[in-house]
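Listing of structure25.cif; format and content: mmCIF, C-alpha atoms.
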data_run
#
loop_
_atom_site.label_atom_id
_atom_site.label_comp_id
_atom_site.auth_asym_id
_atom_site.auth_seq_id
_atom_site.Cartn_x
_atom_site.Cartn_y
_atom_site.Cartn_z
CA MET A 1 -16.18 -1.94 -17.25
CA ARG A 2 -13.27 0.47 -17.40
CA ILE A 3 -10.66 0.28 -14.61
CA VAL A 4 -8.14 3.11 -14.38
CA PHE A 5 -4.93 2.41 -12.47
CA CYS A 6 -3.49 5.68 -11.20
CA GLY A 7 0.20 4.90 -10.88
CA VAL A 8 1.77 1.69 -12.16
CA GLY A 9 4.79 1.42 -9.94
CA ALA A 10 5.30 -1.41 -7.48
CA LEU A 11 1.66 -1.74 -6.49
CA GLY A 12 -0.08 -0.70 -9.67
CA SER A 13 1.98 -2.72 -12.13
CA SER A 14 1.71 -5.94 -10.15
CA ALA A 15 -1.99 -5.51 -9.42
CA ALA A 16 -2.68 -4.81 -13.08
CA LEU A 17 -1.10 -8.11 -14.09
CA LEU A 18 -3.30 -9.91 -11.60
CA CYS A 19 -6.35 -8.19 -13.09
CA ARG A 20 -5.52 -9.07 -16.68
CA ASN A 21 -8.23 -11.71 -17.05
CA LEU A 22 -11.06 -9.63 -15.61
CA ALA A 23 -13.96 -8.61 -17.83
CA ALA A 24 -12.74 -5.04 -18.01
CA THR A 25 -10.60 -2.64 -19.99
CA LEU A 26 -7.48 -1.79 -18.02
CA VAL A 27 -6.20 1.77 -18.30
CA PHE A 28 -2.83 2.94 -16.94
CA VAL A 29 -1.85 6.48 -15.97
CA ASP A 30 1.76 7.18 -15.05
CA PHE A 31 4.25 9.81 -16.22
CA ASP A 32 7.34 7.99 -14.95
CA ARG A 33 9.85 5.93 -16.91
CA VAL A 34 11.09 2.45 -16.16
CA GLU A 35 14.52 2.47 -14.52
CA SER A 36 16.80 -0.47 -13.91
CA LYS A 37 16.22 -0.27 -10.15
CA ASN A 38 12.47 -0.77 -10.77
CA LEU A 39 13.06 -4.29 -12.05
CA ALA A 40 13.60 -5.52 -8.48
CA ALA A 41 10.07 -4.87 -7.24
CA GLN A 42 7.91 -3.73 -10.15
CA ALA A 43 6.35 -5.84 -12.87
CA PHE A 44 8.54 -4.51 -15.66
CA VAL A 45 11.00 -6.43 -17.78
CA LYS A 46 14.49 -5.44 -18.84
CA PRO A 47 13.59 -4.40 -22.40
CA SER A 48 11.19 -1.86 -20.92
CA ILE A 49 13.95 0.22 -19.34
CA GLY A 50 13.65 3.78 -20.52
CA LYS A 51 10.06 3.42 -21.65
CA ASN A 52 7.15 5.21 -20.04
CA LYS A 53 5.70 2.89 -17.40
CA ALA A 54 2.11 3.10 -18.61
CA GLU A 55 3.12 2.35 -22.19
CA ALA A 56 5.53 -0.38 -21.11
CA LEU A 57 2.87 -2.16 -19.10
CA LYS A 58 0.41 -1.90 -21.99
CA LEU A 59 3.01 -3.47 -24.30
CA GLN A 60 3.82 -6.25 -21.83
CA LEU A 61 0.17 -7.17 -21.43
CA ALA A 62 -0.26 -7.27 -25.20
CA ASN A 63 2.96 -9.15 -26.03
CA PHE A 64 3.07 -11.62 -23.14
CA HIS A 65 -0.59 -12.11 -22.35
CA GLY A 66 -2.55 -11.06 -25.42
CA VAL A 67 -4.47 -8.50 -23.40
CA LYS A 68 -5.34 -5.09 -24.78
CA ALA A 69 -5.04 -2.13 -22.45
CA GLU A 70 -4.81 1.65 -22.70
CA ALA A 71 -1.98 3.86 -21.52
CA PHE A 72 -1.59 7.53 -20.72
CA GLY A 73 2.00 8.48 -20.03
CA VAL A 74 1.18 11.73 -18.34
CA ARG A 75 1.13 13.19 -14.86
CA LEU A 76 -2.32 13.47 -13.36
CA GLU A 77 -3.12 17.14 -12.85
CA ALA A 78 -6.24 19.10 -12.00
CA THR A 79 -6.45 20.10 -15.67
CA ASN A 80 -6.63 16.54 -16.99
CA THR A 81 -8.46 14.52 -14.32
CA GLU A 82 -11.73 14.72 -16.21
CA ALA A 83 -10.13 13.48 -19.42
CA LEU A 84 -8.26 10.65 -17.67
CA LEU A 85 -10.78 9.56 -15.06
CA GLY A 86 -14.11 10.80 -16.38
CA THR A 87 -14.97 7.55 -18.18
CA ALA A 88 -13.70 5.24 -15.45
CA ASP A 89 -16.09 2.78 -13.84
CA LEU A 90 -13.54 2.06 -11.13
CA VAL A 91 -10.45 4.02 -10.12
CA VAL A 92 -7.52 2.32 -8.41
CA ASP A 93 -5.14 4.64 -6.52
CA CYS A 94 -1.59 3.31 -6.47
CA PHE A 95 0.11 6.67 -6.40
CA ASP A 96 3.05 7.32 -4.11
CA ASN A 97 2.60 11.00 -3.37
CA GLU A 98 0.17 13.12 -1.42
CA LYS A 99 -0.76 15.59 -4.13
CA SER A 100 -1.81 12.97 -6.65
CA ARG A 101 -3.69 10.85 -4.12
CA LYS A 102 -5.70 13.84 -2.96
CA LEU A 103 -6.44 14.85 -6.54
CA VAL A 104 -7.84 11.40 -7.26
CA SER A 105 -9.86 11.35 -4.04
CA GLU A 106 -11.39 14.76 -4.58
CA PHE A 107 -12.34 13.98 -8.18
CA CYS A 108 -13.90 10.63 -7.35
CA ARG A 109 -15.85 12.02 -4.40
CA GLU A 110 -17.24 14.83 -6.51
CA ARG A 111 -18.25 12.39 -9.24
CA THR A 112 -19.20 9.58 -6.81
CA LYS A 113 -16.91 7.24 -8.69
CA PRO A 114 -15.82 4.03 -6.94
CA LEU A 115 -12.24 4.39 -5.72
CA VAL A 116 -10.00 1.91 -3.96
CA HIS A 117 -6.61 2.83 -2.48
CA ALA A 118 -3.55 0.67 -1.94
CA ALA A 119 -0.66 1.74 0.22
CA LEU A 120 2.47 0.40 1.90
CA ALA A 121 4.30 1.20 5.10
CA ALA A 122 7.77 2.54 4.44
CA ASP A 123 9.51 -0.38 6.15
CA GLY A 124 7.75 -2.93 3.98
CA SER A 125 6.07 -4.67 6.91
CA PHE A 126 2.46 -3.68 6.34
CA GLY A 127 0.01 -2.71 3.64
CA LEU A 128 -3.56 -1.55 3.19
CA VAL A 129 -6.28 -1.99 0.63
CA ARG A 130 -9.06 0.40 1.53
CA TRP A 131 -12.02 1.83 -0.31
CA ASP A 132 -12.40 5.57 -0.30
CA ALA A 133 -15.27 5.79 2.20
CA ARG A 134 -12.94 4.57 4.96
CA PHE A 135 -9.67 5.93 3.65
CA VAL A 136 -7.93 8.73 5.48
CA ALA A 137 -4.50 9.57 4.22
CA ASP A 138 -1.76 9.12 6.82
CA ALA A 139 0.56 12.05 7.31
CA GLU A 140 4.23 11.47 6.79
CA ASP A 141 6.34 11.31 9.92
CA HIS A 142 8.72 13.71 8.25
CA GLU A 143 8.73 15.55 4.95
CA GLY A 144 9.76 13.42 2.04
CA GLN A 145 9.45 10.15 3.96
CA ALA A 146 10.35 7.37 1.57
CA THR A 147 7.94 4.93 0.11
CA CYS A 148 8.57 1.27 0.48
CA GLU A 149 11.35 0.79 -2.03
CA GLY A 150 13.77 -1.92 -2.78
CA GLY A 151 13.47 -5.49 -3.87
CA GLU A 152 13.53 -6.90 -0.35
CA HIS A 153 9.90 -5.90 0.08
CA LEU A 154 8.72 -7.79 -2.99
CA PRO A 155 7.00 -10.58 -1.04
CA LEU A 156 4.93 -8.08 0.93
CA ILE A 157 4.19 -6.16 -2.26
CA GLY A 158 2.94 -9.43 -3.73
CA LEU A 159 0.57 -9.94 -0.81
CA VAL A 160 -0.80 -6.40 -1.04
CA THR A 161 -1.29 -6.50 -4.80
CA ALA A 162 -3.01 -9.88 -4.59
CA ALA A 163 -5.39 -8.47 -1.97
CA LEU A 164 -5.98 -5.41 -4.14
CA ALA A 165 -6.71 -7.55 -7.20
CA ARG A 166 -9.06 -9.71 -5.14
CA SER A 167 -10.89 -6.61 -3.93
CA ILE A 168 -11.22 -5.35 -7.52
CA GLN A 169 -12.49 -8.74 -8.63
CA ALA A 170 -15.10 -8.75 -5.85
CA PHE A 171 -16.26 -5.30 -6.92
CA LEU A 172 -16.73 -6.47 -10.49
CA GLN A 173 -18.66 -9.50 -9.30
CA ASP A 174 -21.15 -7.87 -6.95
CA ARG A 175 -20.10 -4.26 -6.32
CA SER A 176 -18.84 -5.18 -2.85
CA GLU A 177 -16.08 -2.98 -1.39
CA ARG A 178 -13.76 -5.19 0.62
CA ASP A 179 -10.97 -3.70 2.69
CA PHE A 180 -7.87 -5.60 3.74
CA MET A 181 -4.93 -5.17 6.07
CA ILE A 182 -1.84 -7.03 5.01
CA SER A 183 1.04 -7.95 7.29
CA LEU A 184 3.78 -10.52 7.00
CA ASN A 185 1.71 -13.12 8.82
CA GLY A 186 -1.40 -12.78 6.72
CA VAL A 187 -4.19 -10.87 5.07
CA VAL A 188 -7.16 -9.79 7.20
CA GLU A 189 -10.42 -8.40 5.90
CA THR A 190 -11.43 -5.34 7.89
CA MET B 1 -16.60 -3.10 23.79
CA ALA B 2 -14.34 -3.68 20.82
CA ILE B 3 -11.77 -6.15 19.56
CA LEU B 4 -8.31 -4.65 19.43
CA ASN B 5 -6.01 -5.73 16.61
CA ILE B 6 -2.34 -4.79 16.84
CA THR B 7 0.11 -4.83 13.95
CA TYR B 8 3.79 -4.53 14.84
CA ASN B 9 6.98 -5.58 13.16
CA GLY B 10 5.10 -7.33 10.39
CA MET B 11 2.89 -9.35 12.71
CA SER B 12 -0.80 -8.76 13.25
CA ALA B 13 -3.07 -10.33 15.85
CA ASP B 14 -6.25 -9.75 17.84
CA TYR B 15 -6.10 -9.26 21.59
CA ALA B 16 -8.15 -12.02 23.17
CA ARG B 17 -10.20 -9.78 25.48
CA PRO B 18 -12.53 -6.96 24.37
CA VAL B 19 -11.44 -3.44 25.22
CA ASP B 20 -13.44 -0.30 25.87
CA ASP B 21 -14.35 1.17 22.51
CA TRP B 22 -14.43 4.65 24.01
CA SER B 23 -10.72 4.52 24.85
CA SER B 24 -8.79 7.43 23.40
CA ASP B 25 -6.14 6.85 20.76
CA ALA B 26 -3.47 7.60 23.35
CA ASP B 27 -5.01 5.05 25.71
CA VAL B 28 -5.07 2.46 22.95
CA ARG B 29 -1.39 3.03 22.21
CA ARG B 30 -0.41 2.78 25.88
CA PHE B 31 -2.53 -0.29 26.42
CA ALA B 32 -1.01 -1.95 23.36
CA VAL B 33 2.49 -1.49 24.76
CA GLU B 34 1.45 -3.29 27.93
CA ILE B 35 -0.23 -6.09 26.02
CA VAL B 36 2.83 -6.76 23.86
CA ARG B 37 5.19 -6.51 26.84
CA SER B 38 3.14 -8.97 28.87
CA GLY B 39 2.75 -11.57 26.14
CA GLY B 40 -0.97 -11.02 25.88
CA LEU B 41 -0.86 -11.11 22.10
CA ARG B 42 -0.36 -14.48 20.44
CA GLY B 43 2.84 -14.52 18.45
CA LEU B 44 3.97 -11.07 19.57
CA HIS B 45 5.69 -10.93 22.93
CA ILE B 46 8.40 -8.32 23.35
CA ALA B 47 9.16 -7.85 27.03
CA ASN B 48 11.32 -4.77 26.51
CA LEU B 49 9.12 -2.99 23.98
CA PRO B 50 9.81 0.75 24.26
CA HIS B 51 7.00 2.80 25.74
CA HIS B 52 6.93 4.98 22.63
CA ALA B 53 6.74 2.05 20.17
CA PHE B 54 3.27 2.98 18.95
CA ASP B 55 3.51 6.75 19.14
CA HIS B 56 3.43 7.13 15.35
CA TYR B 57 0.92 4.39 14.74
CA VAL B 58 -2.60 4.97 13.47
CA VAL B 59 -5.75 3.98 15.38
CA ASP B 60 -8.57 2.96 13.04
CA ARG B 61 -12.05 2.33 14.42
CA PHE B 62 -14.46 0.37 12.25
CA ASP B 63 -17.33 -2.01 12.46
CA GLY B 64 -16.10 -5.41 11.39
CA PRO B 65 -17.57 -7.54 8.57
CA ARG B 66 -20.06 -9.04 11.06
CA GLY B 67 -20.94 -5.75 12.72
CA GLN B 68 -18.69 -6.06 15.76
CA LYS B 69 -16.72 -3.00 16.83
CA ARG B 70 -13.03 -3.23 16.03
CA ILE B 71 -10.02 -1.07 16.81
CA TYR B 72 -6.92 -1.45 14.63
CA LEU B 73 -3.54 -0.16 15.78
CA ARG B 74 -1.31 -0.18 12.72
CA PRO B 75 1.74 1.44 11.09
CA LYS B 76 1.28 4.46 8.90
CA VAL B 77 1.15 4.10 5.16
CA PRO B 78 2.37 7.57 4.24
CA PHE B 79 2.14 9.07 0.81
CA GLY B 80 5.72 8.58 0.01
CA VAL B 81 8.58 10.41 -1.58
CA ALA B 82 8.41 14.00 -2.70
CA GLU B 83 7.35 14.28 -6.29
CA ARG B 84 10.02 13.48 -8.77
CA ALA B 85 10.88 16.02 -11.44
CA GLU B 86 9.40 15.05 -14.79
#
Hey, can you dump this file as C-alpha coordinates for me?
Amino acid sequence: MRIVFCGVGALGSSAALLCRNLAATLVFVDFDRVESKNLAAQAFVKPSIGKNKAEALKLQLANFHGVKAEAFGVRLEATNTEALLGTADLVVDCFDNEKSRKLVSEFCRERTKPLVHAALAADGSFGLVRWDARFVADAEDHEGQATCEGGEHLPLIGLVTAALARSIQAFLQDRSERDFMISLNGVVET
Amino acid sequence: MAILNITYNGMSADYARPVDDWSSDADVRRFAVEIVRSGGLRGLHIANLPHHAFDHYVVDRFDGPRGQKRIYLRPKVPFGVAERAE
(Lines of atoms letter the chains of each structure in order from A and count residues from 1; the text may use other names and numbers.)
(Lines give C-alpha, C1' and ligand atoms only; values in the text may rest on other atoms or scores of the structure.)
Protein backbone atom coordinates (compact mmCIF):
# COMPACT_ATOMS: atom_id res chain seq x y z
CA MET A 1 0.00 0.00 0.00
CA ARG A 2 1.41 3.34 -1.07
CA ILE A 3 -0.02 6.48 0.58
CA VAL A 4 0.89 9.82 -0.96
CA PHE A 5 0.51 12.90 1.24
CA CYS A 6 0.02 15.96 -0.94
CA GLY A 7 1.28 18.77 1.25
CA VAL A 8 3.05 18.19 4.56
CA GLY A 9 2.32 21.42 6.35
CA ALA A 10 0.27 21.59 9.53
CA LEU A 11 -2.18 18.86 8.57
CA GLY A 12 -0.02 16.64 6.42
CA SER A 13 3.05 16.50 8.64
CA SER A 14 1.09 15.70 11.78
CA ALA A 15 -1.13 13.14 10.07
CA ALA A 16 1.90 11.44 8.55
CA LEU A 17 3.44 10.94 11.99
CA LEU A 18 0.22 9.35 13.19
CA CYS A 19 0.30 7.00 10.19
CA ARG A 20 3.89 5.91 10.70
CA ASN A 21 3.04 2.43 11.98
CA LEU A 22 0.56 1.56 9.23
CA ALA A 23 1.36 -1.24 6.81
CA ALA A 24 2.10 1.20 4.03
CA THR A 25 4.83 3.19 2.35
CA LEU A 26 4.39 6.87 3.12
CA VAL A 27 5.24 9.32 0.35
CA PHE A 28 5.45 13.10 0.83
CA VAL A 29 5.04 15.78 -1.83
CA ASP A 30 5.76 19.38 -0.89
CA PHE A 31 7.91 22.08 -2.50
CA ASP A 32 8.04 24.33 0.56
CA ARG A 33 10.84 24.74 3.08
CA VAL A 34 10.63 24.58 6.84
CA GLU A 35 10.60 28.03 8.43
CA SER A 36 10.98 28.88 12.08
CA LYS A 37 7.32 29.96 12.31
CA ASN A 38 6.29 26.44 11.19
CA LEU A 39 7.64 24.93 14.39
CA ALA A 40 4.63 26.24 16.32
CA ALA A 41 2.02 24.11 14.56
CA GLN A 42 3.75 21.70 12.20
CA ALA A 43 5.52 18.47 13.05
CA PHE A 44 9.00 19.74 12.23
CA VAL A 45 11.93 20.10 14.57
CA LYS A 46 14.38 22.97 14.86
CA PRO A 47 17.24 21.28 12.98
CA SER A 48 14.93 20.97 9.98
CA ILE A 49 14.69 24.72 9.44
CA GLY A 50 15.69 25.53 5.90
CA LYS A 51 15.19 22.00 4.64
CA ASN A 52 12.52 21.02 2.15
CA LYS A 53 9.48 19.87 4.13
CA ALA A 54 9.06 16.55 2.34
CA GLU A 55 12.72 15.67 2.81
CA ALA A 56 12.73 16.90 6.41
CA LEU A 57 9.75 14.76 7.32
CA LYS A 58 11.32 11.73 5.64
CA LEU A 59 14.50 12.29 7.69
CA GLN A 60 12.56 12.73 10.93
CA LEU A 61 10.64 9.52 10.41
CA ALA A 62 13.86 7.65 9.71
CA ASN A 63 15.95 9.16 12.53
CA PHE A 64 13.34 9.34 15.28
CA HIS A 65 11.07 6.44 14.44
CA GLY A 66 13.03 4.09 12.20
CA VAL A 67 10.43 4.39 9.48
CA LYS A 68 11.37 4.58 5.82
CA ALA A 69 9.43 7.00 3.65
CA GLU A 70 9.81 8.68 0.27
CA ALA A 71 9.98 12.40 -0.43
CA PHE A 72 9.47 14.59 -3.47
CA GLY A 73 10.39 18.19 -2.81
CA VAL A 74 8.55 19.56 -5.80
CA ARG A 75 5.41 21.49 -6.55
CA LEU A 76 2.59 19.37 -7.90
CA GLU A 77 1.85 20.47 -11.45
CA ALA A 78 -0.21 19.09 -14.31
CA THR A 79 3.04 17.91 -15.91
CA ASN A 80 4.10 15.74 -12.97
CA THR A 81 0.87 14.42 -11.41
CA GLU A 82 1.20 11.10 -13.19
CA ALA A 83 4.77 10.63 -11.97
CA LEU A 84 3.93 11.65 -8.39
CA LEU A 85 0.48 10.14 -7.94
CA GLY A 86 0.29 7.43 -10.58
CA THR A 87 1.50 4.64 -8.28
CA ALA A 88 -0.46 5.77 -5.24
CA ASP A 89 -2.98 3.40 -3.67
CA LEU A 90 -4.36 6.24 -1.57
CA VAL A 91 -3.94 9.98 -1.98
CA VAL A 92 -4.26 12.33 0.99
CA ASP A 93 -4.94 15.99 0.14
CA CYS A 94 -3.50 18.35 2.73
CA PHE A 95 -2.79 21.20 0.36
CA ASP A 96 -3.60 24.76 1.30
CA ASN A 97 -4.41 26.24 -2.08
CA GLU A 98 -7.17 25.92 -4.62
CA LYS A 99 -5.08 25.15 -7.67
CA SER A 100 -3.28 22.20 -6.13
CA ARG A 101 -6.40 20.75 -4.53
CA LYS A 102 -8.26 20.82 -7.83
CA LEU A 103 -5.31 19.25 -9.62
CA VAL A 104 -5.31 16.36 -7.16
CA SER A 105 -9.08 15.94 -7.37
CA GLU A 106 -9.18 15.92 -11.14
CA PHE A 107 -6.34 13.42 -11.41
CA CYS A 108 -7.80 11.05 -8.84
CA ARG A 109 -11.28 11.19 -10.37
CA GLU A 110 -9.92 10.42 -13.81
CA ARG A 111 -7.91 7.50 -12.45
CA THR A 112 -10.55 6.48 -9.87
CA LYS A 113 -7.92 6.63 -7.17
CA PRO A 114 -9.09 6.84 -3.55
CA LEU A 115 -8.67 10.39 -2.28
CA VAL A 116 -9.35 11.86 1.14
CA HIS A 117 -9.25 15.60 1.88
CA ALA A 118 -8.47 17.39 5.12
CA ALA A 119 -9.19 21.06 5.63
CA LEU A 120 -9.40 23.69 8.35
CA ALA A 121 -11.51 26.78 8.87
CA ALA A 122 -9.42 29.93 8.90
CA ASP A 123 -10.28 30.79 12.51
CA GLY A 124 -9.10 27.41 13.77
CA SER A 125 -12.50 26.44 15.18
CA PHE A 126 -13.49 23.70 12.78
CA GLY A 127 -12.06 21.05 10.49
CA LEU A 128 -13.16 18.45 7.98
CA VAL A 129 -11.99 15.04 6.89
CA ARG A 130 -13.95 14.13 3.79
CA TRP A 131 -13.52 11.60 1.03
CA ASP A 132 -13.63 12.88 -2.50
CA ALA A 133 -17.11 11.60 -3.40
CA ARG A 134 -18.64 14.06 -0.93
CA PHE A 135 -16.04 16.80 -1.10
CA VAL A 136 -16.92 20.12 -2.65
CA ALA A 137 -14.31 22.79 -2.29
CA ASP A 138 -15.52 25.85 -0.38
CA ALA A 139 -14.93 29.18 -2.04
CA GLU A 140 -12.91 31.74 -0.18
CA ASP A 141 -14.86 34.62 1.31
CA HIS A 142 -12.29 36.93 -0.21
CA GLU A 143 -9.28 36.43 -2.42
CA GLY A 144 -6.24 35.23 -0.58
CA GLN A 145 -8.16 34.34 2.58
CA ALA A 146 -5.66 32.97 5.05
CA THR A 147 -5.39 29.39 6.08
CA CYS A 148 -5.52 28.50 9.70
CA GLU A 149 -2.07 29.60 10.80
CA GLY A 150 -0.41 30.13 14.08
CA GLY A 151 0.39 27.94 17.01
CA GLU A 152 -2.79 28.77 18.89
CA HIS A 153 -4.70 26.39 16.65
CA LEU A 154 -2.46 23.43 17.39
CA PRO A 155 -4.99 21.60 19.57
CA LEU A 156 -7.61 21.74 16.82
CA ILE A 157 -5.01 20.71 14.27
CA GLY A 158 -4.26 17.72 16.49
CA LEU A 159 -7.91 16.70 16.52
CA VAL A 160 -8.23 16.99 12.74
CA THR A 161 -5.04 15.09 12.01
CA ALA A 162 -6.01 12.33 14.43
CA ALA A 163 -9.36 12.01 12.67
CA LEU A 164 -7.60 11.97 9.30
CA ALA A 165 -5.17 9.28 10.45
CA ARG A 166 -8.07 7.24 11.83
CA SER A 167 -9.90 7.53 8.51
CA ILE A 168 -6.76 6.40 6.65
CA GLN A 169 -6.34 3.49 9.04
CA ALA A 170 -9.97 2.43 8.49
CA PHE A 171 -9.44 2.54 4.73
CA LEU A 172 -6.42 0.26 5.01
CA GLN A 173 -8.37 -2.14 7.21
CA ASP A 174 -11.52 -2.57 5.15
CA ARG A 175 -11.59 0.07 2.40
CA SER A 176 -14.22 2.06 4.29
CA GLU A 177 -14.34 5.81 3.62
CA ARG A 178 -15.20 7.56 6.87
CA ASP A 179 -15.87 11.28 6.95
CA PHE A 180 -15.54 13.42 10.06
CA MET A 181 -16.41 16.91 11.20
CA ILE A 182 -14.16 18.24 13.92
CA SER A 183 -15.02 21.09 16.25
CA LEU A 184 -13.63 22.12 19.60
CA ASN A 185 -16.21 20.04 21.45
CA GLY A 186 -15.61 16.83 19.58
CA VAL A 187 -15.28 14.71 16.48
CA VAL A 188 -18.44 13.57 14.70
CA GLU A 189 -18.62 10.99 11.96
CA THR A 190 -20.80 12.24 9.13
CA MET B 1 -37.37 15.16 7.74
CA ALA B 2 -33.72 15.60 8.65
CA ILE B 3 -31.53 16.16 11.67
CA LEU B 4 -29.92 19.58 11.65
CA ASN B 5 -26.41 19.90 13.04
CA ILE B 6 -25.05 23.38 13.67
CA THR B 7 -21.40 24.25 14.17
CA TYR B 8 -20.64 27.73 15.48
CA ASN B 9 -17.78 29.23 17.40
CA GLY B 10 -16.09 25.89 17.79
CA MET B 11 -19.17 24.12 19.15
CA SER B 12 -21.21 21.57 17.26
CA ALA B 13 -24.55 20.06 18.23
CA ASP B 14 -27.69 18.48 16.80
CA TYR B 15 -31.02 20.28 17.04
CA ALA B 16 -33.36 18.04 19.00
CA ARG B 17 -36.29 18.21 16.56
CA PRO B 18 -36.23 17.08 12.92
CA VAL B 19 -36.48 19.79 10.29
CA ASP B 20 -37.86 19.73 6.77
CA ASP B 21 -35.19 18.31 4.54
CA TRP B 22 -36.52 20.30 1.60
CA SER B 23 -35.71 23.61 3.30
CA SER B 24 -33.53 25.85 1.17
CA ASP B 25 -30.03 26.74 2.30
CA ALA B 26 -31.24 30.26 3.09
CA ASP B 27 -34.06 28.83 5.19
CA VAL B 28 -31.63 26.61 7.06
CA ARG B 29 -29.39 29.58 7.85
CA ARG B 30 -32.31 31.70 9.07
CA PHE B 31 -33.74 28.87 11.12
CA ALA B 32 -30.35 28.22 12.70
CA VAL B 33 -30.13 31.82 13.88
CA GLU B 34 -33.46 31.44 15.64
CA ILE B 35 -32.49 28.14 17.19
CA VAL B 36 -29.25 29.52 18.64
CA ARG B 37 -30.95 32.71 19.83
CA SER B 38 -33.69 30.79 21.59
CA GLY B 39 -31.42 28.30 23.35
CA GLY B 40 -32.76 25.39 21.35
CA LEU B 41 -29.29 23.97 20.85
CA ARG B 42 -27.63 22.31 23.82
CA GLY B 43 -24.46 24.13 24.77
CA LEU B 44 -24.94 26.95 22.27
CA HIS B 45 -27.26 29.72 23.38
CA ILE B 46 -26.45 33.21 22.13
CA ALA B 47 -29.45 35.47 22.63
CA ASN B 48 -28.02 38.34 20.59
CA LEU B 49 -26.64 36.30 17.70
CA PRO B 50 -26.54 38.56 14.63
CA HIS B 51 -29.04 37.71 11.92
CA HIS B 52 -26.21 37.37 9.40
CA ALA B 53 -24.11 35.00 11.57
CA PHE B 54 -24.46 32.09 9.17
CA ASP B 55 -24.47 33.96 5.88
CA HIS B 56 -21.08 32.58 4.87
CA TYR B 57 -21.62 29.13 6.27
CA VAL B 58 -21.96 26.00 4.16
CA VAL B 59 -25.03 23.75 4.15
CA ASP B 60 -24.13 20.10 3.58
CA ARG B 61 -26.87 17.53 3.03
CA PHE B 62 -25.95 13.88 3.50
CA ASP B 63 -27.40 10.60 4.57
CA GLY B 64 -25.95 9.75 7.96
CA PRO B 65 -24.06 6.55 8.84
CA ARG B 66 -27.39 4.85 9.64
CA GLY B 67 -29.22 6.17 6.60
CA GLN B 68 -31.02 9.07 8.26
CA LYS B 69 -31.10 12.38 6.44
CA ARG B 70 -28.83 14.99 7.95
CA ILE B 71 -28.22 18.67 7.30
CA TYR B 72 -24.94 20.20 8.48
CA LEU B 73 -24.52 23.96 8.82
CA ARG B 74 -20.81 24.58 9.21
CA PRO B 75 -18.02 27.12 8.66
CA LYS B 76 -16.19 27.17 5.37
CA VAL B 77 -12.86 25.46 5.02
CA PRO B 78 -11.45 27.57 2.21
CA PHE B 79 -8.42 26.68 0.18
CA GLY B 80 -6.19 29.09 1.89
CA VAL B 81 -3.50 31.58 1.08
CA ALA B 82 -2.51 32.53 -2.42
CA GLU B 83 0.30 30.38 -3.69
CA ARG B 84 3.66 31.25 -2.33
CA ALA B 85 6.48 32.00 -4.75
CA GLU B 86 8.88 29.07 -5.01
>> Report as a list in words all protein, DNA and RNA residues lying within 9 Å of Asp14 in chain B, evaluated on all atoms listed in the file, omitting residues in the same chain fewer than 2 positions from it.
In response: Ile3, Leu4, Asn5, Ile6, Thr7, Ser12, Ala16, Arg17, Leu41, Arg42 and Tyr72 of chain B
>> Show me the residues around (-14.3, -8.9, -21.9) - criterion: an atom at most 12 Å away, all atoms listed in the file counted - as a VMD selection string.
In response: chain A and resid 1 to 2 19 to 26 67 to 69 172
> Any idea what's packed within 8 Å of Ala10 in chain A, counting all atoms listed in the file, ignoring anything in its chain fewer than 2 positions away? Could you give it as a list of chain:residue names?
Replying inline: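 Counting only the stated atoms, we get A:Val8, A:Gly12, A:Ser13, A:Ser14, A:Asn38, A:Ala41, A:Gln42, A:Ala43, A:Ile157.
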> Expanded to explicit residues, what is the PyMOL selection byres ((chain B) within 12 of (chain A)) for this file, as a VMD selection string?
Replying inline: chain B and resid 3 to 14 42 to 44 55 to 86
> If the PyMOL selection byres ((chain A and resi 168) around 12) is run on the structure shown, which residues does it catch, given as an MDAnalysis selection string?
Replying inline: chainID A and resid 1:5 15:16 18:24 26 89:93 114:118 129:131 161:167 169:180
> Using all atoms listed in the file, can you list as JSON, numbers by chain the residues within 12 Å of (-17.4, 7.2, 23.2)?
Replying inline: {"B": [1, 2, 20, 21, 22, 23, 24, 25, 61]}
> Residues at most 12 Å from Asn48 in chain B, counting all atoms listed in the file, excluding those fewer than 2 positions away in the same chain, as a ChimeraX atom specification?
Replying inline: /B:33-39,44-46,50-53
> What does the distance from CA of Phe72 in chain A to CA of His153 in chain A come to in Å, to one decimal?
Replying inline: 27.3 Å
> Expressed in Å to a single decimal, how great is the separation between CA of Phe28 in chain A and CA of Thr112 in chain A?
Replying inline: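 Spanning CA of Phe28 in chain A to CA of Thr112 in chain A is a straight-line distance of 20.4 Å.
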Calculate, to one decimal in Å, the centre and edge lengths of the box along x, y and z of the file that holds all listed atoms of range 151-161 of chain A with 8 Å of margin on each side, and present them as AutoDock Vina command-line options.
--center_x 6.1 --center_y -8.0 --center_z -1.9 --size_x 30.8 --size_y 21.1 --size_z 21.7
> Which residues, written as an NGL selection string, have at least one atom at most 10 Å from Glu35 in chain A, with all atoms listed in the file counted and residues fewer than 5 positions away on the same chain left out?
Replying inline: :A and (44 or 46 or 48-53)
>> Need to verify the contact set: Glu110 in chain A, 12 Å, only C-alpha atoms, exclusion of same-chain residues closer than 4 positions in sequence. Can you return it as a PyMOL selection string?
In response: chain A and resi 81-82+85-86+103-106+114-115
